[in-house]
Amino acid sequence: MTVVERREIALVDLLDRLLAGGVVITGDITLRIADVDLVRIDLNALISSVNAAVPSPFEPRLLPAGPAEPSEEVL
Amino acid sequence: MTGLRYVYAVCRPFGTPLQAELTGVAGAPAGLLHHHGLVAVVSTVPEADFGEEALKAHLEDLDWLAATARAHQGVVDALTTVTTPLPLRLATVFRDDSAVRVMIEAREDHFRALLDRLDGRVEWGVKVYAEEAADEPAGSAPAAPEKPASGRDYLRQRRARGQAKEETWQRAERFAHALHERLSARAEDFRLHPPQNSALSRESGLNVLNAAYLVPRAHSEEFVELVDHTKDEEPGFRVELTGPWAAYSFTGDTGNTAGTGDGAGVADAGEEVS
């Protein structure tokens, strides 16, 4: 078993699993944070912080200020 | 009451105690909540940070997100050394213990089915990068072509470049497909995650395969060796292995997963790029 160098897990790999995987339970609090929304929020945050010069592959708009309208988000 | 309950995972009862110093999200120690023959692994988090509005705001804060994700993973990872945990999605929060119990009661059959299915299995992540990524932003254009002398030259060069790009892409797709075939034959299940954006991963090359494989612990060594062998098999590609992970990618709908995949296949990768 030589492949696994135990370096720090890359955040993207972590988020692939923690935000796209794991059992989804609507807890008391996270009521309205749907999967898609969550991932989009995070990727936007990531992209803008990683490199402001790199254009987002997603909609450039961040979350609207008000309650998000997820309808047009899906493809 | 200002403390909320953050739930990391659900497990079957296990004999070994948690490491005493196992801290979770927000620095609080993780504890066990037994109910109906299942165990929720929980910790207390401040409502000021994990209430709905606060949580939404925090999730846009990369540092907060990273710290929370790592803490979550730290707890789940510790659990994998003593049992097979069923990890929950990041930031699953309840008001109090009794709300967690209600949740367990509502889903116990589901949990048990998933726990049975995942028992003794781990997840391995395998990514393939095509090194000569055609998609690089300008700046480091390899072997900058000569300035076209005419419009026809220009078109010819453009076509040649397009062809090279296309060939690279096809080769990458073939390699990724073949590798995936071999690995999935050795795995009980697999998931294809969407390819990672290189701006996020800061990895060089184009991510053409981003897969997760569910493998019995007992067969992990073989699986890792198999991946290891492919590493130098073909020039121009880089194969990366991560894991073992708790089976995060296999907690979807109960039982078999046929047809319920995310649909993000190897083939989809092409669309991302073009």
# chains A, B, ... in the order shown; residues from 1 in each chain; ligands from 1
>>> interface_residues(of="chain B", to="chain A", cutoff="7 Å", atoms="only C-alpha atoms", output="PDB file with C-alpha atoms, in the first residue's frame")
ATOM      1  CA  GLY B  51     -29.012  28.756  13.818  1.00  0.00           C
ATOM      2  CA  GLU B  52     -30.467  28.851  10.346  1.00  0.00           C
ATOM      3  CA  LEU B  59     -21.346  28.523   4.803  1.00  0.00           C
ATOM      4  CA  GLU B  60     -20.199  31.278   2.529  1.00  0.00           C
ATOM      5  CA  ASP B  61     -17.153  31.849   4.662  1.00  0.00           C
ATOM      6  CA  LEU B  62     -14.476  29.575   3.325  1.00  0.00           C
ATOM      7  CA  ALA B  66     -13.146  24.404   5.920  1.00  0.00           C
ATOM      8  CA  PRO B  87     -22.055   9.695   8.081  1.00  0.00           C
ATOM      9  CA  LEU B  88     -24.582  12.488   7.848  1.00  0.00           C
ATOM     10  CA  ARG B  89     -24.413  15.502   5.603  1.00  0.00           C
ATOM     11  CA  LEU B  90     -22.412  18.436   6.903  1.00  0.00           C
ATOM     12  CA  THR B  92     -27.153  18.474  10.352  1.00  0.00           C
ATOM     13  CA  VAL B  93     -28.391  20.233  13.449  1.00  0.00           C
ATOM     14  CA  PHE B  94     -31.167  19.608  15.947  1.00  0.00           C
ATOM     15  CA  ARG B  95     -32.595  21.622  18.794  1.00  0.00           C
ATOM     16  CA  ALA B 199      -9.406  26.454  -9.849  1.00  0.00           C
ATOM     17  CA  LEU B 200     -10.817  24.856  -6.731  1.00  0.00           C
ATOM     18  CA  SER B 201      -8.547  21.895  -6.399  1.00  0.00           C
ATOM     19  CA  GLU B 221      -5.306  -3.645   0.051  1.00  0.00           C
ATOM     20  CA  VAL B 224      -5.160   0.086  -3.499  1.00  0.00           C
ATOM     21  CA  GLU B 225      -2.574  -2.031  -5.240  1.00  0.00           C
ATOM     22  CA  ASP B 228      -1.157   1.837  -7.665  1.00  0.00           C
ATOM     23  CA  LEU B 241      -6.187   7.881  -4.623  1.00  0.00           C
ATOM     24  CA  THR B 242      -7.815   9.186  -1.449  1.00  0.00           C
ATOM     25  CA  TYR B 248     -20.117   9.197   2.439  1.00  0.00           C
ATOM     26  CA  SER B 249     -20.901   8.677  -1.210  1.00  0.00           C
ATOM     27  CA  THR B 251     -25.579   6.814   1.834  1.00  0.00           C
ATOM     28  CA  GLY B 252     -28.133   7.536  -0.842  1.00  0.00           C
TER      29      GLY B 252
END
>>> residues_around(residues="Glu47 (chain B)", least_positions_apart="2", cutoff="9 Å", atoms="only C-alpha atoms", output="PyMOL selection string")
chain B and resi 1-4+45+49-52+54+95
>>> write_last_selection(atoms="N, CA and C atoms", output="mmCIF file, in the first residue's frame")
data_model
loop_
_atom_site.group_PDB
_atom_site.id
_atom_site.type_symbol
_atom_site.label_atom_id
_atom_site.label_comp_id
_atom_site.auth_asym_id
_atom_site.auth_seq_id
_atom_site.Cartn_x
_atom_site.Cartn_y
_atom_site.Cartn_z
ATOM 1 N N MET B 1 -31.940 28.244 26.402
ATOM 2 C CA MET B 1 -31.086 27.159 25.900
ATOM 3 C C MET B 1 -30.361 27.618 24.645
ATOM 4 N N THR B 2 -29.053 27.625 24.695
ATOM 5 C CA THR B 2 -28.321 28.177 23.571
ATOM 6 C C THR B 2 -27.527 27.124 22.815
ATOM 7 N N GLY B 3 -27.551 25.884 23.313
ATOM 8 C CA GLY B 3 -26.789 24.844 22.633
ATOM 9 C C GLY B 3 -27.672 24.038 21.710
ATOM 10 N N LEU B 4 -27.174 23.787 20.507
ATOM 11 C CA LEU B 4 -27.888 22.915 19.590
ATOM 12 C C LEU B 4 -27.114 21.608 19.475
ATOM 13 N N VAL B 45 -23.322 22.554 19.761
ATOM 14 C CA VAL B 45 -22.806 23.711 19.034
ATOM 15 C C VAL B 45 -23.627 24.938 19.415
ATOM 16 N N ASP B 49 -24.026 30.310 16.093
ATOM 17 C CA ASP B 49 -23.325 29.972 14.854
ATOM 18 C C ASP B 49 -24.086 28.985 13.991
ATOM 19 N N PHE B 50 -24.976 28.221 14.606
ATOM 20 C CA PHE B 50 -25.619 27.143 13.855
ATOM 21 C C PHE B 50 -27.117 27.312 13.699
ATOM 22 N N GLY B 51 -27.626 28.437 14.134
ATOM 23 C CA GLY B 51 -29.012 28.756 13.818
ATOM 24 C C GLY B 51 -29.116 28.930 12.314
ATOM 25 N N GLU B 52 -30.311 28.894 11.797
ATOM 26 C CA GLU B 52 -30.467 28.851 10.346
ATOM 27 C C GLU B 52 -29.789 30.011 9.617
ATOM 28 N N ALA B 54 -27.504 32.179 10.728
ATOM 29 C CA ALA B 54 -26.059 32.209 10.970
ATOM 30 C C ALA B 54 -25.362 31.155 10.127
ATOM 31 N N ARG B 95 -32.424 20.760 17.621
ATOM 32 C CA ARG B 95 -32.595 21.622 18.794
ATOM 33 C C ARG B 95 -31.968 21.027 20.054
#
>>> atom_distance(atom1="CA of Val128 (chain B)", atom2="CA of Leu209 (chain B)")
4.9 Å
>>> residues_around(residues="Thr81 (chain B)", least_positions_apart="2", cutoff="12 Å", atoms="only C-alpha atoms", output="mmCIF file with N, CA and C atoms, in the first residue's frame")
data_model
loop_
_atom_site.group_PDB
_atom_site.id
_atom_site.type_symbol
_atom_site.label_atom_id
_atom_site.label_comp_id
_atom_site.auth_asym_id
_atom_site.auth_seq_id
_atom_site.Cartn_x
_atom_site.Cartn_y
_atom_site.Cartn_z
ATOM 1 N N PHE B 14 -21.115 0.362 19.671
ATOM 2 C CA PHE B 14 -19.802 -0.261 19.580
ATOM 3 C C PHE B 14 -19.158 -0.270 20.942
ATOM 4 N N GLY B 15 -18.322 -1.287 21.181
ATOM 5 C CA GLY B 15 -17.768 -1.485 22.507
ATOM 6 C C GLY B 15 -16.733 -0.454 22.906
ATOM 7 N N THR B 16 -15.898 -0.100 21.945
ATOM 8 C CA THR B 16 -14.782 0.782 22.271
ATOM 9 C C THR B 16 -15.273 2.191 22.602
ATOM 10 N N PRO B 17 -14.746 2.767 23.651
ATOM 11 C CA PRO B 17 -15.143 4.147 23.932
ATOM 12 C C PRO B 17 -14.503 5.110 22.941
ATOM 13 N N LEU B 18 -15.140 6.244 22.746
ATOM 14 C CA LEU B 18 -14.542 7.272 21.895
ATOM 15 C C LEU B 18 -13.290 7.817 22.564
ATOM 16 N N GLN B 19 -12.361 8.249 21.751
ATOM 17 C CA GLN B 19 -11.190 8.902 22.343
ATOM 18 C C GLN B 19 -11.681 10.059 23.204
ATOM 19 N N GLY B 74 -13.077 14.777 11.059
ATOM 20 C CA GLY B 74 -12.248 14.248 12.139
ATOM 21 C C GLY B 74 -13.021 13.279 13.020
ATOM 22 N N VAL B 75 -14.237 13.639 13.334
ATOM 23 C CA VAL B 75 -15.062 12.774 14.176
ATOM 24 C C VAL B 75 -15.439 11.500 13.416
ATOM 25 N N VAL B 76 -15.876 11.677 12.183
ATOM 26 C CA VAL B 76 -16.291 10.512 11.402
ATOM 27 C C VAL B 76 -15.102 9.572 11.189
ATOM 28 N N ASP B 77 -13.952 10.170 10.943
ATOM 29 C CA ASP B 77 -12.753 9.375 10.732
ATOM 30 C C ASP B 77 -12.398 8.563 11.974
ATOM 31 N N ALA B 78 -12.528 9.191 13.123
ATOM 32 C CA ALA B 78 -12.249 8.474 14.370
ATOM 33 C C ALA B 78 -13.230 7.314 14.535
ATOM 34 N N LEU B 79 -14.461 7.536 14.120
ATOM 35 C CA LEU B 79 -15.460 6.471 14.231
ATOM 36 C C LEU B 79 -15.110 5.284 13.347
ATOM 37 N N THR B 83 -15.839 1.381 14.244
ATOM 38 C CA THR B 83 -17.094 0.838 13.739
ATOM 39 C C THR B 83 -17.273 1.272 12.289
ATOM 40 N N THR B 84 -18.410 0.948 11.692
ATOM 41 C CA THR B 84 -18.721 1.483 10.365
ATOM 42 C C THR B 84 -19.806 2.530 10.536
ATOM 43 N N PRO B 85 -19.422 3.782 10.538
ATOM 44 C CA PRO B 85 -20.425 4.821 10.766
ATOM 45 C C PRO B 85 -21.215 5.132 9.505
ATOM 46 N N GLY B 120 -18.557 -2.902 7.393
ATOM 47 C CA GLY B 120 -17.263 -3.445 6.999
ATOM 48 C C GLY B 120 -16.728 -2.923 5.675
ATOM 49 N N ARG B 121 -17.382 -1.899 5.136
ATOM 50 C CA ARG B 121 -16.925 -1.344 3.854
ATOM 51 C C ARG B 121 -16.378 0.069 4.025
ATOM 52 N N VAL B 122 -15.499 0.415 3.146
ATOM 53 C CA VAL B 122 -14.984 1.780 3.134
ATOM 54 C C VAL B 122 -15.073 2.331 1.718
ATOM 55 N N ARG B 217 -13.475 -3.598 3.554
ATOM 56 C CA ARG B 217 -12.194 -3.339 4.191
ATOM 57 C C ARG B 217 -11.182 -4.441 3.879
ATOM 58 N N PRO B 244 -8.778 5.561 3.157
ATOM 59 C CA PRO B 244 -10.189 5.158 3.136
ATOM 60 C C PRO B 244 -11.088 6.184 3.819
ATOM 61 N N TRP B 245 -12.216 6.419 3.196
ATOM 62 C CA TRP B 245 -13.224 7.312 3.743
ATOM 63 C C TRP B 245 -14.349 6.471 4.344
ATOM 64 N N ALA B 246 -15.061 7.070 5.277
ATOM 65 C CA ALA B 246 -16.365 6.503 5.617
ATOM 66 C C ALA B 246 -17.198 6.595 4.348
#
>>> atom_distance(atom1="CA of Ala172 (chain B)", atom2="CA of Thr230 (chain B)")
13.6 Å
>>> atom_distance(atom1="CA of Thr44 (chain B)", atom2="CA of Arg101 (chain B)")
15.0 Å
>>> select_by_dssp(residues="region 43-212 of chain B", states="alpha helix (DSSP H)", output="PyMOL selection string")
chain B and resi 47-50+52-59+62-80+97-118+151-185+198-201
>>> closest_residue(among="B:Tyr154, B:Trp169, B:Trp124, B:Tyr213", to="Glu181 (chain B)", atoms="only C-alpha atoms")
B:Tyr213
